[in-house]
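Undergrad: The structure that follows is given in the form of structure tokens.
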Amino acid sequence: MTLFEELQARGLVAQTSDESQIRELIDNGRATFYIGYDPTADSLTAGHYVTLTLMKRLQSAGNTAIALAGGGTGMVGDPSGRQDLRTMMTVERIDGNCERIREQISRFIEFGEGKGLLANNAEWLRNLNYLDFLRDFGAHFSVNRMLTADCYKNRMEKGLTFLEFNYMIMQAYDFYELFLRYGCTLQCGGDDQWSNMLAGTELIRRKLQKDAHCLTITLLTDSNGVKMGKTAGNALWLDANKTSPYEFFQYWRNVGDADVIKCLKMLTFLPLEQISEMESWRDAQLNAAKETLAFEVTGQVHGDDAARQSLETARALFSSGGAAEMPTTTLSESDLTDGAVDILGLLAKSGLCASRSEARRAVEQGGVEADGVKITDTARTFGADGLRAGIVVRRGKKSYRRVVLE
């Protein structure tokens with residue numbers, strides 16, 4: 001099976017601009033490709049995870065990967081999938097976010113000569129001369145055609161700002177710059193980016209009389225068509241400080257029965273033959289498949305040690321009906337200070353410790369965990385978002401309590 005055939009078999013290929021050319025490039029390890037990541041937050045999410053694994057698959061086959069941080073485009077914000085204008089961020093925050101997501105990207109691709117690199121479109125977008133740019137590139141974009149794109153069409157009724165209208169042109173210009181600087185001929189991304197990506201190939205063709213290509217991957221949705229990677233109405237972050245490894249593990253452990261095989265194919269690096277054997281599994285075996293999914297994805301994001309610890313914690317808590325029997329403490333907003341509660345308060349309010357001083361001793365002695373992670377900092381706090389999803393706190397080996405914000 002070729003690489004392209006494997007991507008198809010895993011359900012990863014949504015659309016291509018020229019399938020035969022893309023097959024030839026990636027199957028023979030001759031593609032220099034890029035995927036862009038706008039720094040809208042200081043962490044990537046589970047929604048980005050599938051594109052990170054695509055980069056890893058392509059690079060492992062000898063193709064050269066470019067991860068593009070959106071230090072320039074992040075100052076505008078992608079209108080795709082949005083119902084309103086994104087919150088404007090300061091340059092300092094954008095740059096800080098770019099630096100923090102670099103570490104997450106580096107877990108999936110190898111940076112080095114001929115292998116991969118991290119570029120930042122701030123380098124060519126922030127210092128553009130507006131009039132020169134309009135004269136050189138504006139004539140290559142049809143407003144009528146742009147307005148037919150889903151990313152704009154879906155916003156027309158509620159209002160589309162001129163700021164956001166520029167996003168497609170900026171993304172197209174990214175591809176143009178990467179083509180000139182690094183010989184990048186393939187842009188990859190989610191299928192919601194199709195219109196923006198085609199604009200880049202068209203710009204390269206018009207300006208340089210060269211060919212470039214697009215490959216979009218299937219956006220991961222559940223059986224109801226809702227985007228996966230959400231928990232309690234919030235993003236499922238790749239940063240362990242925003243979504244703990246245990247919470248991350250439990251999300252994938254609890255995917256719907258109809259989605260587990262699809263997720264195994266798209267999100268893990270297990271052989272397809274092994275996954276195919278699971279397609280007939282039911283009941284307890286299907287739960288084992290979900291456990292495998294959670295372990296594999298958590299290991300990719302947080303490392304094997306975190307995956308093993310999350311697995312052990314889950315088994316200890318949820319085997320033999322343990323989940324149903326676990327006591328739960330419900331907090332209210334009045335229990336929080338500035339939208340959070342510290343570990344000492346969590347232990348005291350949950351009843352695992354009689355007082356904050358007893359809780360302090362328990363933490364200092366190394367006997368406290370939250371969502372499978374040992375807590376050593378007595379000042380560690382937990383925000384409202386995490387509490388709404390539920391946090392499992394453990395003291396010692398056998399005392400557990402689930403704490404939830406109502």
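By convention in this document, the chains of the structure tokens carry letters A, B, ... by their order, each chain's residues are numbered from 1, and ligands are numbered from 1 in the order they are shown.
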Hey, which bits of segment 85-123 of chain A sit within 12 Å of segment 184-204 of chain A, and for each residue what's the closest pair of atoms and how far apart in Å (one decimal), counting only C-alpha atoms, rows by chain and increasing number, as a tab-separated table?
TA:
residue	atom	partner	partner_atom	distance
A:Gly116	CA	A:Cys184	CA	11.5
A:Leu117	CA	A:Cys184	CA	11.7
A:Ala119	CA	A:Cys184	CA	12.0
Undergrad: Restricted to C-alpha atoms, what would the selected residues look like written as a compact mmCIF listing (two decimals), in the first residue's frame?
TA:
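File produced: result-v2.txt:
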# COMPACT_ATOMS: atom_id res chain seq x y z
CA GLY A 116 11.38 20.06 8.55
CA LEU A 117 11.29 23.65 9.70
CA ALA A 119 8.38 29.28 9.60
Undergrad: Counting only C-alpha atoms, what are the residues of segment 288-345 of chain A within 12 Å of segment 367-379 of chain A, and for each of them which pair of atoms is the nearest and at what distance in Å, to one decimal? Sort the table by chain and rising number, as a tab-separated table.
TA:
residue	atom	partner	partner_atom	distance
A:His302	CA	A:Val373	CA	11.8
A:Asp305	CA	A:Val373	CA	10.8
A:Ala306	CA	A:Val373	CA	8.2
A:Ala307	CA	A:Gly372	CA	9.8
A:Arg308	CA	A:Gly372	CA	9.9
A:Gln309	CA	A:Gly372	CA	6.4
A:Ser310	CA	A:Gly372	CA	5.7
A:Leu311	CA	A:Gly372	CA	8.9
A:Glu312	CA	A:Gly372	CA	8.5
A:Thr313	CA	A:Gly372	CA	5.9
A:Ala314	CA	A:Gly372	CA	8.3
A:Arg315	CA	A:Gly372	CA	11.2
A:Ala316	CA	A:Gly372	CA	10.6
A:Leu317	CA	A:Gly372	CA	10.4
A:Ala340	CA	A:Ala379	CA	11.3
A:Val341	CA	A:Ala379	CA	9.5
A:Asp342	CA	A:Ala379	CA	6.1
A:Ile343	CA	A:Thr378	CA	6.4
A:Leu344	CA	A:Thr378	CA	6.7
A:Gly345	CA	A:Ala379	CA	9.9
Undergrad: How would the residues just chosen look if you wrote them out with N, CA and C atoms as a short mmCIF file (atom, residue, chain, number, x, y, z; two decimals), in the first residue's frame?
TA:
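The file below, result_39.cif, is the result:
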data_model
loop_
_atom_site.label_atom_id
_atom_site.label_comp_id
_atom_site.auth_asym_id
_atom_site.auth_seq_id
_atom_site.Cartn_x
_atom_site.Cartn_y
_atom_site.Cartn_z
N HIS A 302 1.12 13.51 24.97
CA HIS A 302 1.72 13.76 26.29
C HIS A 302 2.87 12.80 26.65
N ASP A 305 4.68 7.81 29.27
CA ASP A 305 4.52 7.75 30.72
C ASP A 305 3.16 8.31 31.15
N ALA A 306 2.77 9.44 30.57
CA ALA A 306 1.47 10.05 30.91
C ALA A 306 0.33 9.15 30.46
N ALA A 307 0.51 8.50 29.31
CA ALA A 307 -0.53 7.59 28.81
C ALA A 307 -0.70 6.40 29.75
N ARG A 308 0.42 5.82 30.19
CA ARG A 308 0.35 4.68 31.11
C ARG A 308 -0.28 5.08 32.44
N GLN A 309 0.12 6.24 32.95
CA GLN A 309 -0.43 6.69 34.23
C GLN A 309 -1.93 6.95 34.12
N SER A 310 -2.35 7.54 33.01
CA SER A 310 -3.78 7.79 32.81
C SER A 310 -4.55 6.49 32.69
N LEU A 311 -3.97 5.51 32.00
CA LEU A 311 -4.61 4.21 31.86
C LEU A 311 -4.75 3.53 33.21
N GLU A 312 -3.69 3.55 34.01
CA GLU A 312 -3.74 2.92 35.33
C GLU A 312 -4.76 3.59 36.23
N THR A 313 -4.81 4.92 36.19
CA THR A 313 -5.78 5.65 37.00
C THR A 313 -7.21 5.34 36.58
N ALA A 314 -7.43 5.31 35.26
CA ALA A 314 -8.77 5.02 34.75
C ALA A 314 -9.22 3.63 35.17
N ARG A 315 -8.32 2.66 35.05
CA ARG A 315 -8.69 1.29 35.41
C ARG A 315 -8.98 1.17 36.90
N ALA A 316 -8.17 1.87 37.71
CA ALA A 316 -8.39 1.80 39.16
C ALA A 316 -9.72 2.42 39.55
N LEU A 317 -10.09 3.50 38.84
CA LEU A 317 -11.31 4.22 39.19
C LEU A 317 -12.57 3.58 38.63
N ALA A 340 -11.23 30.41 40.19
CA ALA A 340 -10.43 29.21 40.37
C ALA A 340 -10.44 28.79 41.83
N VAL A 341 -9.97 27.57 42.08
CA VAL A 341 -9.79 27.07 43.44
C VAL A 341 -8.43 26.38 43.51
N ASP A 342 -7.70 26.58 44.60
CA ASP A 342 -6.39 25.95 44.70
C ASP A 342 -6.51 24.52 45.19
N ILE A 343 -5.42 23.76 45.10
CA ILE A 343 -5.45 22.34 45.45
C ILE A 343 -5.79 22.13 46.92
N LEU A 344 -5.37 23.06 47.77
CA LEU A 344 -5.67 22.90 49.19
C LEU A 344 -7.18 23.06 49.44
N GLY A 345 -7.78 24.04 48.77
CA GLY A 345 -9.22 24.21 48.89
C GLY A 345 -9.98 23.04 48.29
#
Undergrad: Go through A:Phe141, A:Trp237, A:Tyr246, A:Tyr182 and flag the residue nearest Asp385 of chain A, using only C-alpha atoms for the distances.
TA: A:Trp237
Undergrad: Any chance you could list, as a VMD selection string, the residues in segment 135-313 of chain A that come up helix (DSSP H, G or I) when DSSP is run on the backbone?
TA: chain A and resid 135 to 140 143 to 146 150 to 153 162 to 165 167 to 182 191 to 208 245 to 253 260 to 267 272 to 278 284 to 302 304 to 313
Undergrad: Using DSSP secondary structure from the backbone, list all strand (DSSP E or B) positions within segment 9-143 of chain A, as an MDAnalysis selection string.
TA: chainID A and resid 13:16 32:37 45 64:69 112 116:120
Undergrad: Any idea what's packed within 7 Å of Phe295 of chain A, counting only C-alpha atoms, ignoring anything in its chain fewer than 3 positions away? Could you give it as an MDAnalysis selection string?
TA: chainID A and resid 249 291:292 298:299 307 311
Undergrad: Those residues with C-alpha atoms, as a PDB file, in the first residue's frame please?
TA:
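Ended up saving to selection-v5.pdb:
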ATOM      1  CA  PHE A 249      -7.350  10.242  27.966  1.00  0.00           C
ATOM      2  CA  GLU A 291      -8.981   2.151  25.739  1.00  0.00           C
ATOM      3  CA  THR A 292      -6.434   1.487  22.980  1.00  0.00           C
ATOM      4  CA  THR A 298      -2.541  10.402  24.799  1.00  0.00           C
ATOM      5  CA  GLY A 299       0.882   8.881  24.216  1.00  0.00           C
ATOM      6  CA  ALA A 307      -0.534   7.592  28.813  1.00  0.00           C
ATOM      7  CA  LEU A 311      -4.608   4.210  31.862  1.00  0.00           C
TER       8      LEU A 311
END
Undergrad: What is the distance between atom CA of Thr268 of chain A and atom CA of Leu293 of chain A, in Å to one decimal?
TA: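 Result for atom CA of Thr268 of chain A versus atom CA of Leu293 of chain A: 7.2 Å, one decimal.
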Undergrad: Hey, what's within 12 Å of Val301 of chain A if we count only C-alpha atoms and toss same-chain stuff fewer than 2 positions away? As a ChimeraX atom specification, please?
TA: /A:44-46,48-50,52-53,103-108,236-240,243-246,248-249,267-268,294-299,303-307
Undergrad: Can you tell me how far atom CA of Leu180 of chain A sits from atom CA of Asn144 of chain A, in Å to one decimal?
TA: 27.9 Å
Undergrad: So that I can check the surroundings of Ala67 of chain A, please list as an MDAnalysis selection string every protein, DNA and RNA residue that reaches within 6 Å of it, counting only C-alpha atoms and ignoring chain neighbours fewer than 2 positions away.
TA: chainID A and resid 34:35 118
Undergrad: Any idea what the distance is between atom CA of Trp124 of chain A and atom CA of Tyr173 of chain A?
TA: 9.2 Å
Undergrad: Quick one: everything within 8 Å of Tyr400 of chain A, counting only C-alpha atoms, minus sequence neighbours fewer than 6 positions away in the same chain. Send it as a list of chain:residue names.
TA: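 Non-adjacent residues within range: A:Met326, A:Pro327, A:Leu352, A:Val392, A:Val393, A:Arg394.
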Undergrad: Can you write just those residues out, C-alpha atoms, as a short mmCIF file (atom, residue, chain, number, x, y, z; two decimals), in the first residue's frame?
TA:
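Writing the result to again_29.cif gives the following:
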data_model
loop_
_atom_site.label_atom_id
_atom_site.label_comp_id
_atom_site.auth_asym_id
_atom_site.auth_seq_id
_atom_site.Cartn_x
_atom_site.Cartn_y
_atom_site.Cartn_z
CA MET A 326 -17.16 7.21 43.25
CA PRO A 327 -18.37 10.00 45.56
CA LEU A 352 -10.44 14.28 51.37
CA VAL A 392 -10.81 13.40 39.91
CA VAL A 393 -8.74 14.09 43.03
CA ARG A 394 -6.92 11.30 44.84
#
